[in-house]
file input_28.txt (compact mmCIF, C-alpha atoms)
# COMPACT_ATOMS: atom_id res chain seq x y z
CA MET L 6 87.29 -45.70 11.90
CA LEU L 7 83.82 -46.40 10.46
CA LYS L 8 82.93 -42.70 10.47
CA ARG L 9 86.26 -41.91 8.79
CA ILE L 10 85.63 -44.42 6.00
CA GLN L 11 82.08 -43.12 5.56
CA PHE L 12 83.43 -39.57 5.24
CA ILE L 13 86.01 -40.65 2.67
CA GLY L 14 83.33 -42.49 0.73
CA LEU L 15 81.13 -39.41 0.78
CA LEU L 16 83.93 -37.27 -0.66
CA SER L 17 84.49 -39.77 -3.46
CA ILE L 18 80.77 -39.99 -4.22
CA MET L 19 80.53 -36.21 -4.32
CA ALA L 20 83.44 -35.96 -6.75
CA ILE L 21 82.01 -38.69 -8.98
CA SER L 22 78.51 -37.21 -8.94
CA VAL L 23 79.83 -33.92 -10.30
CA ALA L 24 80.99 -35.67 -13.45
CA PHE L 25 78.73 -38.70 -13.60
CA GLY L 26 75.62 -37.74 -11.59
CA GLN L 27 72.30 -39.20 -12.77
CA PRO L 28 69.29 -36.91 -13.27
CA THR L 29 66.81 -36.46 -10.44
CA GLU L 30 63.80 -38.80 -10.62
CA LYS L 31 60.34 -37.26 -11.00
CA ILE L 32 56.80 -38.55 -10.55
CA ILE L 33 55.89 -37.50 -14.08
CA LYS L 34 58.21 -39.02 -16.65
CA VAL L 35 58.63 -38.48 -20.35
CA ALA L 36 60.26 -41.31 -22.28
CA VAL L 37 61.42 -41.01 -25.88
CA ALA L 38 62.65 -44.01 -27.85
CA ALA L 39 63.69 -44.78 -31.40
CA ASP L 40 62.01 -47.75 -33.12
CA HIS L 41 65.22 -49.73 -33.58
CA ALA L 42 66.35 -51.44 -30.40
CA ASN L 43 69.94 -50.34 -30.95
CA TRP L 44 68.89 -46.81 -32.03
CA ASN L 45 71.04 -47.23 -35.17
CA TYR L 46 69.93 -46.69 -38.77
CA SER L 47 71.32 -46.80 -42.28
CA ILE L 48 71.80 -43.50 -44.05
CA GLY L 49 68.50 -42.61 -45.70
CA GLU L 50 66.46 -45.00 -43.54
CA LYS L 51 63.46 -43.48 -41.74
CA VAL L 52 63.30 -43.41 -37.95
CA ASN L 53 60.11 -43.24 -35.88
CA PHE L 54 60.21 -41.95 -32.32
CA THR L 55 57.74 -42.96 -29.61
CA ILE L 56 56.96 -40.41 -26.89
CA THR L 57 55.41 -41.72 -23.68
CA VAL L 58 54.14 -39.73 -20.70
CA THR L 59 53.60 -41.57 -17.40
CA LYS L 60 52.71 -40.82 -13.79
CA ASN L 61 53.61 -43.42 -11.18
CA GLY L 62 54.30 -45.79 -14.06
CA SER L 63 50.86 -45.37 -15.66
CA LEU L 64 50.13 -43.58 -18.92
CA VAL L 65 48.85 -40.01 -18.63
CA PRO L 66 45.89 -39.61 -21.04
CA ASN L 67 45.50 -36.42 -23.08
CA ALA L 68 48.97 -35.15 -22.22
CA SER L 69 49.99 -32.04 -24.13
CA VAL L 70 53.27 -32.70 -25.93
CA ARG L 71 55.45 -30.53 -28.11
CA TYR L 72 58.51 -31.89 -29.81
CA GLU L 73 61.30 -30.91 -32.14
CA ILE L 74 63.49 -33.09 -34.34
CA GLY L 75 66.76 -32.33 -36.07
CA PRO L 76 70.50 -33.07 -36.19
CA GLU L 77 71.89 -32.85 -32.66
CA LYS L 78 72.90 -29.36 -31.49
CA GLN L 79 71.57 -27.86 -34.74
CA ASP L 80 68.35 -26.02 -35.57
CA PRO L 81 65.40 -28.43 -35.66
CA THR L 82 63.99 -29.45 -39.04
CA GLN L 83 60.53 -29.90 -37.56
CA LYS L 84 58.72 -28.48 -34.53
CA LYS L 85 55.23 -29.72 -33.70
CA SER L 86 52.67 -30.05 -30.93
CA ALA L 87 50.22 -32.87 -30.27
CA ILE L 88 47.84 -34.32 -27.71
CA ALA L 89 48.82 -37.81 -26.61
CA ALA L 90 45.30 -39.18 -26.18
CA THR L 91 46.47 -42.44 -24.62
CA GLY L 92 49.63 -40.98 -23.09
CA MET L 93 51.70 -42.23 -26.01
CA ILE L 94 52.34 -40.93 -29.53
CA LYS L 95 54.50 -42.08 -32.42
CA VAL L 96 56.14 -39.44 -34.61
CA ASP L 97 57.91 -39.59 -37.96
CA GLY L 98 61.48 -38.49 -37.33
CA GLY L 99 62.64 -38.49 -40.94
CA THR L 100 66.20 -39.44 -41.80
CA LEU L 101 69.73 -38.19 -42.44
CA SER L 102 71.53 -38.18 -45.76
CA LYS L 103 74.97 -38.56 -44.17
CA ALA L 104 76.52 -40.12 -41.08
CA GLY L 105 75.45 -38.42 -37.87
CA PHE L 106 72.78 -38.24 -35.19
CA LEU L 107 69.14 -37.19 -35.35
CA ARG L 108 67.58 -36.07 -32.08
CA CYS L 109 63.97 -35.88 -30.91
CA ILE L 110 63.39 -33.63 -27.89
CA ALA L 111 59.95 -33.89 -26.29
CA ILE L 112 58.38 -31.66 -23.65
CA ALA L 113 55.12 -32.68 -21.98
CA GLU L 114 52.96 -30.38 -19.90
CA VAL L 115 51.13 -32.01 -17.01
CA ASP L 116 49.28 -30.06 -14.31
CA GLY L 117 50.88 -26.83 -15.49
CA LYS L 118 54.45 -28.13 -15.22
CA GLU L 119 56.79 -29.14 -18.03
CA TYR L 120 58.78 -32.36 -18.26
CA ARG L 121 61.49 -32.99 -20.85
CA ASN L 122 63.35 -35.91 -22.35
CA LEU L 123 64.95 -36.94 -25.63
CA ALA L 124 66.15 -39.77 -27.81
CA THR L 125 68.87 -39.75 -30.45
CA ALA L 126 69.12 -42.00 -33.48
CA GLY L 127 72.52 -42.80 -34.94
CA PHE L 128 73.00 -42.98 -38.70
CA ALA L 129 76.11 -44.98 -39.57
CA PRO L 130 78.05 -43.48 -36.61
CA GLY L 131 81.06 -45.61 -37.44
CA ASN L 132 81.45 -43.56 -40.62
CA ILE L 133 81.69 -40.17 -38.91
CA GLN L 134 85.00 -38.51 -39.71
CA PRO L 135 86.59 -35.54 -37.91
CA THR L 136 86.57 -31.96 -39.13
CA VAL L 137 89.50 -30.63 -37.10
CA GLU L 138 92.81 -29.98 -38.84
CA ASN L 139 95.75 -32.27 -38.03
CA PRO L 140 98.74 -29.85 -37.88
CA ALA L 141 101.91 -30.97 -39.67
CA ASP L 142 104.02 -29.97 -36.66
CA PHE L 143 101.69 -31.47 -34.04
CA ASP L 144 104.17 -34.12 -32.88
CA ASN L 145 107.09 -31.68 -32.81
CA PHE L 146 105.04 -29.21 -30.78
CA TRP L 147 104.26 -31.74 -28.06
CA GLU L 148 107.70 -33.36 -28.07
CA LYS L 149 109.23 -29.93 -27.44
CA ALA L 150 106.69 -29.29 -24.67
CA LYS L 151 107.57 -32.59 -22.98
CA GLU L 152 111.29 -31.87 -23.29
CA ASP L 153 110.75 -28.54 -21.58
CA LEU L 154 108.71 -30.24 -18.87
CA ALA L 155 111.46 -32.78 -18.24
CA LYS L 156 113.84 -29.93 -17.40
CA ILE L 157 111.60 -28.74 -14.56
CA PRO L 158 112.38 -30.44 -11.23
CA MET L 159 109.37 -32.39 -9.90
CA ASP L 160 109.95 -31.22 -6.32
CA ALA L 161 107.39 -33.71 -4.98
CA LYS L 162 105.90 -33.09 -1.55
CA MET L 163 103.73 -35.71 0.11
CA THR L 164 101.66 -34.94 3.21
CA LEU L 165 100.08 -37.90 4.99
CA MET L 166 96.37 -37.39 5.72
CA PRO L 167 95.87 -39.56 8.83
CA GLU L 168 92.16 -38.78 9.02
CA ARG L 169 91.64 -40.38 5.60
CA CYS L 170 93.96 -43.35 5.94
CA THR L 171 92.42 -46.78 6.44
CA GLU L 172 93.69 -50.07 7.76
CA LYS L 173 94.90 -51.06 4.29
CA THR L 174 95.70 -47.73 2.62
CA ASN L 175 97.80 -44.64 3.21
CA VAL L 176 96.37 -41.42 1.79
CA TYR L 177 98.51 -38.39 0.92
CA HIS L 178 97.95 -34.88 -0.33
CA VAL L 179 100.57 -34.48 -3.07
CA ASN L 180 102.13 -31.28 -4.37
CA LEU L 181 104.29 -31.37 -7.53
CA GLN L 182 106.03 -28.77 -9.65
CA ASN L 183 104.42 -28.70 -13.06
CA TYR L 184 105.26 -27.16 -16.43
CA ARG L 185 107.33 -24.21 -15.25
CA LEU L 186 109.19 -23.18 -12.10
CA GLY L 187 106.74 -22.29 -9.37
CA ALA L 188 103.67 -23.78 -11.08
CA ARG L 189 102.18 -26.58 -9.01
CA LEU L 190 99.99 -29.64 -9.48
CA TYR L 191 97.99 -31.16 -6.60
CA GLY L 192 96.26 -34.47 -6.06
CA ILE L 193 95.30 -37.23 -3.65
CA LEU L 194 97.50 -40.32 -3.66
CA CYS L 195 96.30 -43.64 -2.23
CA VAL L 196 98.93 -46.36 -1.69
CA PRO L 197 98.36 -49.88 -0.33
CA LYS L 198 100.10 -50.25 3.05
CA LYS L 199 101.14 -53.86 2.52
CA GLU L 200 104.73 -54.07 1.35
CA GLY L 201 105.02 -54.92 -2.33
CA LYS L 202 104.94 -53.65 -5.88
CA TYR L 203 101.67 -52.40 -7.37
CA PRO L 204 100.18 -51.17 -10.65
CA ALA L 205 99.11 -47.53 -10.82
CA LEU L 206 96.02 -45.69 -11.99
CA LEU L 207 95.97 -41.98 -12.80
CA GLN L 208 92.50 -40.46 -12.43
CA VAL L 209 92.01 -37.23 -14.35
CA PRO L 210 89.17 -34.79 -13.59
CA GLY L 211 86.02 -33.61 -15.27
CA ALA L 212 85.51 -29.91 -15.88
CA GLY L 213 85.14 -27.54 -12.96
CA VAL L 214 86.95 -26.65 -9.77
CA ARG L 215 86.55 -28.87 -6.71
CA ALA L 216 88.15 -30.85 -3.91
CA TYR L 217 89.00 -34.55 -4.23
CA GLY L 218 88.82 -37.41 -1.78
CA GLY L 219 91.03 -39.96 -3.52
CA ASP L 220 90.08 -43.43 -4.75
CA ILE L 221 90.63 -45.50 -1.63
CA ALA L 222 88.35 -48.34 -2.77
CA THR L 223 90.55 -49.15 -5.79
CA ALA L 224 93.73 -48.80 -3.73
CA GLU L 225 92.39 -51.41 -1.34
CA LYS L 226 92.20 -53.78 -4.31
CA GLY L 227 95.96 -53.47 -4.77
CA VAL L 228 96.32 -50.48 -7.10
CA ILE L 229 98.11 -47.19 -6.46
CA THR L 230 95.65 -44.40 -7.34
CA PHE L 231 96.40 -40.74 -7.97
CA GLN L 232 93.42 -38.41 -8.37
CA ILE L 233 94.55 -35.01 -9.57
CA GLY L 234 93.21 -31.49 -9.95
CA ILE L 235 94.33 -29.36 -12.88
CA HIS L 236 94.22 -25.78 -11.62
CA GLY L 237 97.38 -25.50 -9.53
CA VAL L 238 95.54 -25.20 -6.21
CA PRO L 239 95.37 -27.68 -3.29
CA VAL L 240 92.55 -30.21 -3.57
CA ASP L 241 91.76 -30.50 0.14
CA MET L 242 90.41 -27.05 0.92
CA ASN L 243 86.98 -25.91 2.09
CA PRO L 244 84.36 -26.35 -0.69
CA THR L 245 83.54 -22.64 -0.61
CA VAL L 246 87.04 -21.87 -1.89
CA TYR L 247 86.37 -23.84 -5.08
CA THR L 248 82.98 -22.22 -5.51
CA ASP L 249 84.65 -18.81 -5.30
CA LEU L 250 87.41 -19.81 -7.73
CA GLY L 251 84.95 -21.29 -10.18
CA ALA L 252 82.80 -18.17 -10.13
CA GLY L 253 85.83 -15.86 -10.17
CA PRO L 254 89.34 -16.26 -11.57
CA LEU L 255 88.75 -19.75 -13.00
CA SER L 256 85.40 -19.02 -14.59
CA GLY L 257 85.68 -20.04 -18.24
CA TYR L 258 89.26 -21.26 -17.79
CA PHE L 259 88.90 -23.45 -20.89
CA ASN L 260 88.90 -20.28 -23.01
CA TYR L 261 92.02 -18.68 -21.54
CA ASN L 262 94.65 -17.65 -24.12
CA MET L 263 93.00 -19.62 -26.89
CA ASP L 264 94.62 -17.35 -29.46
CA ASP L 265 98.13 -18.61 -28.59
CA LYS L 266 98.99 -22.32 -28.69
CA ASP L 267 101.94 -21.82 -26.35
CA ARG L 268 99.90 -20.01 -23.70
CA PHE L 269 96.54 -21.77 -24.01
CA TYR L 270 95.27 -22.90 -20.59
CA TYR L 271 95.16 -26.55 -21.51
CA LYS L 272 98.89 -26.71 -22.19
CA ARG L 273 99.57 -26.66 -18.44
CA VAL L 274 96.78 -29.22 -17.99
CA TYR L 275 98.03 -31.73 -20.55
CA LEU L 276 101.62 -31.45 -19.34
CA GLY L 277 100.37 -31.74 -15.77
CA CYS L 278 98.97 -35.17 -16.58
CA VAL L 279 102.39 -36.26 -17.86
CA ARG L 280 103.98 -34.81 -14.73
CA ALA L 281 101.52 -36.80 -12.60
CA ASN L 282 102.78 -39.94 -14.35
CA ASP L 283 106.37 -38.86 -13.68
CA PHE L 284 105.45 -38.91 -10.01
CA LEU L 285 103.51 -42.19 -10.07
CA THR L 286 106.25 -44.07 -11.89
CA SER L 287 108.87 -42.73 -9.45
CA LEU L 288 107.17 -44.27 -6.41
CA PRO L 289 109.07 -47.19 -4.87
CA GLN L 290 105.79 -49.14 -4.62
CA TYR L 291 105.12 -48.91 -8.38
CA ASP L 292 105.59 -52.21 -10.22
CA GLY L 293 107.43 -50.52 -13.09
CA THR L 294 105.10 -51.77 -15.82
CA ASN L 295 101.37 -51.36 -15.34
CA LEU L 296 100.04 -47.81 -15.63
CA ALA L 297 96.53 -46.77 -16.73
CA VAL L 298 94.60 -43.52 -16.88
CA THR L 299 90.86 -42.91 -16.60
CA GLY L 300 88.28 -40.14 -16.34
CA GLY L 301 85.02 -38.78 -17.71
CA SER L 302 84.05 -35.75 -19.81
CA GLN L 303 87.06 -33.40 -19.59
CA GLY L 304 88.66 -36.38 -17.82
CA GLY L 305 87.70 -38.65 -20.72
CA ALA L 306 89.52 -36.23 -23.00
CA LEU L 307 92.54 -36.13 -20.69
CA SER L 308 92.63 -39.93 -20.58
CA ILE L 309 93.03 -40.13 -24.35
CA ILE L 310 95.42 -37.18 -24.47
CA THR L 311 97.67 -38.47 -21.68
CA THR L 312 97.85 -41.90 -23.29
CA ALA L 313 98.89 -40.39 -26.62
CA LEU L 314 101.52 -38.17 -25.00
CA ASP L 315 103.00 -40.72 -22.60
CA ALA L 316 104.22 -44.14 -23.76
CA ARG L 317 104.35 -45.32 -20.14
CA VAL L 318 100.54 -45.59 -20.17
CA LYS L 319 99.47 -49.11 -21.12
CA SER L 320 95.66 -48.77 -20.91
CA LEU L 321 92.99 -46.10 -20.82
CA GLY L 322 89.36 -45.90 -19.78
CA ALA L 323 87.29 -42.92 -20.98
CA PHE L 324 83.70 -41.91 -20.33
CA TYR L 325 82.16 -39.44 -22.84
CA PRO L 326 85.33 -37.54 -23.82
CA ALA L 327 84.99 -33.77 -24.15
CA LEU L 328 87.15 -31.51 -26.36
CA SER L 329 86.51 -33.81 -29.31
CA ASP L 330 86.23 -32.41 -32.83
CA VAL L 331 85.25 -29.01 -31.47
CA THR L 332 85.31 -27.51 -34.98
CA GLY L 333 82.26 -29.53 -35.98
CA TYR L 334 80.05 -26.43 -35.70
CA LEU L 335 82.08 -24.77 -38.43
CA PHE L 336 80.89 -27.59 -40.72
CA ASP L 337 77.22 -27.40 -39.71
CA ARG L 338 77.24 -30.26 -37.26
CA ALA L 339 77.74 -30.77 -33.53
CA GLY L 340 81.14 -30.09 -32.00
CA GLY L 341 82.47 -31.20 -28.63
CA TRP L 342 82.39 -29.48 -25.27
CA PRO L 343 83.06 -26.65 -24.51
CA HIS L 344 81.29 -25.76 -27.78
CA TYR L 345 83.78 -23.11 -28.81
CA PHE L 346 82.13 -22.54 -32.18
CA ASP L 347 78.40 -22.99 -31.56
CA LYS L 348 75.94 -20.13 -32.05
CA ALA L 349 76.65 -18.65 -28.63
CA ASN L 350 80.44 -18.56 -29.08
CA ARG L 351 81.07 -18.54 -32.81
CA LEU L 352 81.47 -14.80 -33.31
CA ALA L 353 83.99 -14.57 -30.47
CA ASN L 354 86.02 -17.63 -31.45
CA GLU L 355 85.80 -17.99 -35.23
CA LYS L 356 89.21 -16.51 -35.78
CA LYS L 357 92.14 -18.14 -37.55
CA ASP L 358 94.47 -18.03 -34.56
CA LYS L 359 91.92 -19.68 -32.27
CA ILE L 360 90.97 -22.32 -34.80
CA SER L 361 94.67 -23.02 -35.33
CA THR L 362 95.39 -23.24 -31.60
CA ILE L 363 92.58 -25.66 -30.91
CA SER L 364 93.88 -28.11 -33.50
CA TYR L 365 96.87 -28.75 -31.22
CA TYR L 366 94.56 -29.57 -28.31
CA ASP L 367 91.60 -31.39 -29.86
CA VAL L 368 91.15 -34.98 -28.67
CA VAL L 369 90.84 -36.19 -32.26
CA ASN L 370 94.49 -35.52 -32.99
CA PHE L 371 95.58 -37.36 -29.86
CA ALA L 372 93.20 -40.24 -30.59
CA ARG L 373 95.02 -40.71 -33.92
CA ARG L 374 98.17 -41.39 -31.90
CA VAL L 375 96.83 -43.79 -29.24
CA LYS L 376 98.70 -47.09 -29.45
CA VAL L 377 97.37 -49.07 -26.46
CA PRO L 378 94.03 -50.73 -25.64
CA GLY L 379 91.18 -48.54 -24.44
CA TYR L 380 87.69 -48.99 -23.02
CA TYR L 381 85.13 -46.29 -23.80
CA SER L 382 81.56 -45.65 -22.74
CA TRP L 383 78.87 -43.05 -23.49
CA GLY L 384 75.25 -42.58 -24.49
CA TYR L 385 73.50 -41.18 -27.54
CA ASN L 386 71.54 -38.62 -25.49
CA ASP L 387 74.56 -36.68 -24.25
CA GLU L 388 73.91 -32.98 -24.82
CA THR L 389 77.19 -31.86 -23.25
CA CYS L 390 79.50 -34.09 -25.26
CA PRO L 391 77.53 -34.86 -28.45
CA PRO L 392 78.02 -38.38 -29.79
CA THR L 393 78.94 -36.97 -33.20
CA SER L 394 82.01 -35.38 -31.63
CA MET L 395 82.95 -38.48 -29.65
CA TYR L 396 82.63 -40.81 -32.62
CA ALA L 397 84.81 -38.42 -34.64
CA ALA L 398 87.58 -39.17 -32.16
CA TYR L 399 86.79 -42.83 -31.57
CA ASN L 400 86.70 -43.67 -35.26
CA VAL L 401 90.30 -42.57 -35.84
CA ILE L 402 91.70 -44.77 -33.05
CA SER L 403 93.61 -47.63 -34.63
CA ALA L 404 94.62 -49.31 -31.35
CA PRO L 405 92.47 -52.07 -29.81
CA LYS L 406 89.28 -50.48 -28.51
CA GLU L 407 85.96 -51.42 -26.98
CA LEU L 408 82.88 -49.20 -26.75
CA TYR L 409 80.12 -49.88 -24.25
CA LEU L 410 77.00 -47.92 -25.14
CA ALA L 411 74.30 -46.99 -22.66
CA LEU L 412 72.04 -45.50 -25.30
CA ASP L 413 69.64 -43.42 -23.23
CA THR L 414 72.24 -41.85 -20.97
CA GLY L 415 73.05 -38.18 -21.23
CA HIS L 416 76.08 -36.70 -19.50
CA TRP L 417 75.92 -39.29 -16.74
CA THR L 418 76.49 -43.00 -16.21
CA TYR L 419 74.57 -45.99 -14.97
CA PRO L 420 76.22 -48.07 -12.21
CA GLU L 421 76.69 -50.86 -14.74
CA GLN L 422 78.92 -48.60 -16.84
CA GLY L 423 81.15 -47.87 -13.87
CA GLU L 424 81.28 -51.53 -12.92
CA LYS L 425 82.30 -52.58 -16.42
CA MET L 426 84.93 -49.86 -16.64
CA SER L 427 86.40 -50.78 -13.26
CA ALA L 428 86.48 -54.47 -14.12
CA TRP L 429 88.20 -53.77 -17.46
CA LEU L 430 90.83 -51.49 -15.90
CA LEU L 431 91.56 -53.90 -13.05
CA GLY L 432 91.84 -56.73 -15.57
CA ARG L 433 94.39 -54.73 -17.53
CA LEU L 434 96.31 -53.57 -14.46
CA LYS L 435 96.41 -56.93 -12.71
CA PRO L 436 96.52 -59.62 -15.43

call {"tool": "encode", "arguments": {"input": "input_28.txt", "output": "structure tokens"}}
result
Amino acid sequence: MLKRIQFIGLLSIMAISVAFGQPTEKIIKVAVAADHANWNYSIGEKVNFTITVTKNGSLVPNASVRYEIGPEKQDPTQKKSAIAATGMIKVDGGTLSKAGFLRCIAIAEVDGKEYRNLATAGFAPGNIQPTVENPADFDNFWEKAKEDLAKIPMDAKMTLMPERCTEKTNVYHVNLQNYRLGARLYGILCVPKKEGKYPALLQVPGAGVRAYGGDIATAEKGVITFQIGIHGVPVDMNPTVYTDLGAGPLSGYFNYNMDDKDRFYYKRVYLGCVRANDFLTSLPQYDGTNLAVTGGSQGGALSIITTALDARVKSLGAFYPALSDVTGYLFDRAGGWPHYFDKANRLANEKKDKISTISYYDVVNFARRVKVPGYYSWGYNDETCPPTSMYAAYNVISAPKELYLALDTGHWTYPEQGEKMSAWLLGRLKP
């Protein structure tokens, strides 16, 4: 039994690390910090950045440093090199004339090897407004999609996974029919064994293609958990299968059919999250009231989206939501992952039909429609999901909301962030 629990824990850790993994530690470290403790500034106020190079915790004298400063994900406004005589230098970062984020990226060369880090200063981030269009028929489009989904039989199939079950929890591989006949949705369901009624937590995935182990730890605290994949393939196969899918037919799935809002890949994904809730709320063990959704990155986006689409959701927890204000690049500022309109993709995607399609799928337009409390967490140094894009979505949420910032994090989380998120969700699910 101990080996079985250890294996299950390993699967969960592997799944979490894909979305929330911390960077590898190195002997040589570069630290970059803004001169305000909260890294926030008024528009027009000057920011100074301090760059520090250490080895085994001690300053590295005469370190060669080059740095660039500019609005995040945009061309730098200054690029310079310097020798950090004491191992530390202070640089004038300048300012911004409008709400946004100014980033300093530093690269130090020590013993012929380069080490990189960054810091990002926020200028009135609470004033950032979205750039994406809010279509007049947005609500009608999604209501029609949900009506069509409701006509598709769920055809739920649950397969007990004895090797993953524990003394307190049953674990199932679940197979549901999704947005059209024959299309499937798969996930790992964990249900407390003790007879009773329980709240439920839908866990939606970050980007990529992978297996899932299920959230047994939360289930053992008295919560039904359902961890889903989005690609219509079983989530308990050999890892090499997902590697092959990710490098082959599912490579770049987030671009598929972007020129047609009815065929865009994410339509099946968003409706699949609603279908997952259809299943959760149909379980005899569900308490009939308490349902939450959580995830990070693509999963952070799906948490907000699912909550907006499905009134059964009473709470949401989102780490660094992707797919937020993706049109930002068209207005000379950072846009959200997957960066449809940045320099690398702009020529291919800057077409009216694609810009129109994405407005029906951007997190911003779902965030406008969130009506229940949410807990959010991210850092200013995220280069995958730029804070400009996330604030564009967060700032339009009118429902009760709480943001926990871990300023120096990139596209990863500290344990404290996970602990706070879990405590908030459990508090909401089990009042």

call {"tool": "closest_residue", "arguments": {"input": "input_28.txt", "among": "L:Ala155, L:Leu431, L:Ala404, L:Leu412", "to": "Asn386 (chain L)", "atoms": "only C-alpha atoms"}}
result
L:Leu412

call {"tool": "residues_near_point", "arguments": {"input": "input_28.txt", "point": "(75.1, -45.5, -39.2)", "cutoff": "7 Å", "atoms": "all atoms listed in the file", "output": "MDAnalysis selection string"}}
result
chainID L and resid 45:48 104 127:132

call {"tool": "residues_around", "arguments": {"input": "input_28.txt", "residues": "Ser308 (chain L)", "least_positions_apart": "6", "cutoff": "10 Å", "atoms": "only C-alpha atoms", "output": "PDB file with C-alpha atoms, keeping the file's coordinate frame"}}
result
ATOM      1  CA  LEU L 207      95.970 -41.980 -12.800  1.00  0.00           C
ATOM      2  CA  GLN L 208      92.500 -40.460 -12.430  1.00  0.00           C
ATOM      3  CA  VAL L 209      92.010 -37.230 -14.350  1.00  0.00           C
ATOM      4  CA  PRO L 210      89.170 -34.790 -13.590  1.00  0.00           C
ATOM      5  CA  TYR L 275      98.030 -31.730 -20.550  1.00  0.00           C
ATOM      6  CA  CYS L 278      98.970 -35.170 -16.580  1.00  0.00           C
ATOM      7  CA  ALA L 297      96.530 -46.770 -16.730  1.00  0.00           C
ATOM      8  CA  VAL L 298      94.600 -43.520 -16.880  1.00  0.00           C
ATOM      9  CA  THR L 299      90.860 -42.910 -16.600  1.00  0.00           C
ATOM     10  CA  GLY L 300      88.280 -40.140 -16.340  1.00  0.00           C
ATOM     11  CA  GLY L 301      85.020 -38.780 -17.710  1.00  0.00           C
ATOM     12  CA  SER L 302      84.050 -35.750 -19.810  1.00  0.00           C
ATOM     13  CA  VAL L 318     100.540 -45.590 -20.170  1.00  0.00           C
ATOM     14  CA  SER L 320      95.660 -48.770 -20.910  1.00  0.00           C
ATOM     15  CA  LEU L 321      92.990 -46.100 -20.820  1.00  0.00           C
ATOM     16  CA  GLY L 322      89.360 -45.900 -19.780  1.00  0.00           C
ATOM     17  CA  ALA L 323      87.290 -42.920 -20.980  1.00  0.00           C
ATOM     18  CA  PHE L 324      83.700 -41.910 -20.330  1.00  0.00           C
ATOM     19  CA  PRO L 326      85.330 -37.540 -23.820  1.00  0.00           C
ATOM     20  CA  VAL L 368      91.150 -34.980 -28.670  1.00  0.00           C
ATOM     21  CA  GLY L 379      91.180 -48.540 -24.440  1.00  0.00           C
TER      22      GLY L 379
END

call {"tool": "axis_aligned_box", "arguments": {"input": "input_28.txt", "around": "region 386-405 of chain L", "padding_each_side": "8 Å", "output": "lines of an AutoDock Vina configuration file"}}
result
center_x = 83.1
center_y = -42.0
center_z = -29.5
size_x = 39.1
size_y = 36.2
size_z = 28.6

call {"tool": "atom_distance", "arguments": {"input": "input_28.txt", "atom1": "CA of Trp342 (chain L)", "atom2": "CA of Ser394 (chain L)"}}
result
8.7 Å

call {"tool": "atom_distance", "arguments": {"input": "input_28.txt", "atom1": "CA of Phe106 (chain L)", "atom2": "CA of Ala327 (chain L)"}}
result
17.1 Å

call {"tool": "closest_residue", "arguments": {"input": "input_28.txt", "among": "L:Tyr203, L:Trp44, L:Tyr271, L:Phe346", "to": "Ile235 (chain L)", "atoms": "only C-alpha atoms"}}
result
L:Tyr271

call {"tool": "residues_around", "arguments": {"input": "input_28.txt", "residues": "Ile32 (chain L)", "least_positions_apart": "2", "cutoff": "10 Å", "atoms": "all atoms listed in the file", "output": "VMD selection string"}}
result
chain L and resid 30 34 to 35 59 to 62

call {"tool": "residues_near_point", "arguments": {"input": "input_28.txt", "point": "(76.7, -45.6, -27.5)", "cutoff": "6 Å", "atoms": "all atoms listed in the file", "output": "VMD selection string"}}
result
chain L and resid 383 to 385 410 to 412

call {"tool": "closest_atom_pairs", "arguments": {"input": "input_28.txt", "of": "region 102-201 of chain L", "to": "region 71-95 of chain L", "cutoff": "9 Å", "atoms": "only C-alpha atoms", "output": "JSON lines"}}
result
{"residue": "L:Gly105", "atom": "CA", "partner": "L:Pro76", "partner_atom": "CA", "distance": 7.5}
{"residue": "L:Phe106", "atom": "CA", "partner": "L:Pro76", "partner_atom": "CA", "distance": 5.7}
{"residue": "L:Leu107", "atom": "CA", "partner": "L:Pro76", "partner_atom": "CA", "distance": 4.4}
{"residue": "L:Arg108", "atom": "CA", "partner": "L:Glu77", "partner_atom": "CA", "distance": 5.4}
{"residue": "L:Cys109", "atom": "CA", "partner": "L:Ile74", "partner_atom": "CA", "distance": 4.4}
{"residue": "L:Ile110", "atom": "CA", "partner": "L:Glu73", "partner_atom": "CA", "distance": 5.5}
{"residue": "L:Ala111", "atom": "CA", "partner": "L:Tyr72", "partner_atom": "CA", "distance": 4.3}
{"residue": "L:Ile112", "atom": "CA", "partner": "L:Arg71", "partner_atom": "CA", "distance": 5.5}
{"residue": "L:Ala113", "atom": "CA", "partner": "L:Arg71", "partner_atom": "CA", "distance": 6.5}
{"residue": "L:Glu114", "atom": "CA", "partner": "L:Arg71", "partner_atom": "CA", "distance": 8.6}
{"residue": "L:Thr125", "atom": "CA", "partner": "L:Glu77", "partner_atom": "CA", "distance": 7.8}

call {"tool": "closest_residue", "arguments": {"input": "input_28.txt", "among": "L:Ser329, L:Ser63, L:Thr230, L:Thr414", "to": "Cys390 (chain L)", "atoms": "only C-alpha atoms"}}
result
L:Ser329

call {"tool": "residues_around", "arguments": {"input": "input_28.txt", "residues": "Ala353 (chain L)", "least_positions_apart": "6", "cutoff": "12 Å", "atoms": "all atoms listed in the file", "output": "list of chain:residue names"}}
result
L:Asn260, L:Met263, L:Asp264, L:His344, L:Tyr345, L:Phe346, L:Asp347, L:Lys359, L:Ile360

call {"tool": "closest_residue", "arguments": {"input": "input_28.txt", "among": "L:Asp40, L:Asp153, L:Glu50, L:Asp160", "to": "Lys103 (chain L)", "atoms": "only C-alpha atoms"}}
result
L:Glu50

call {"tool": "residues_around", "arguments": {"input": "input_28.txt", "residues": "Gly237 (chain L)", "least_positions_apart": "4", "cutoff": "9 Å", "atoms": "only C-alpha atoms", "output": "JSON, numbers by chain"}}
result
{"L": [183, 188, 189, 190, 191]}
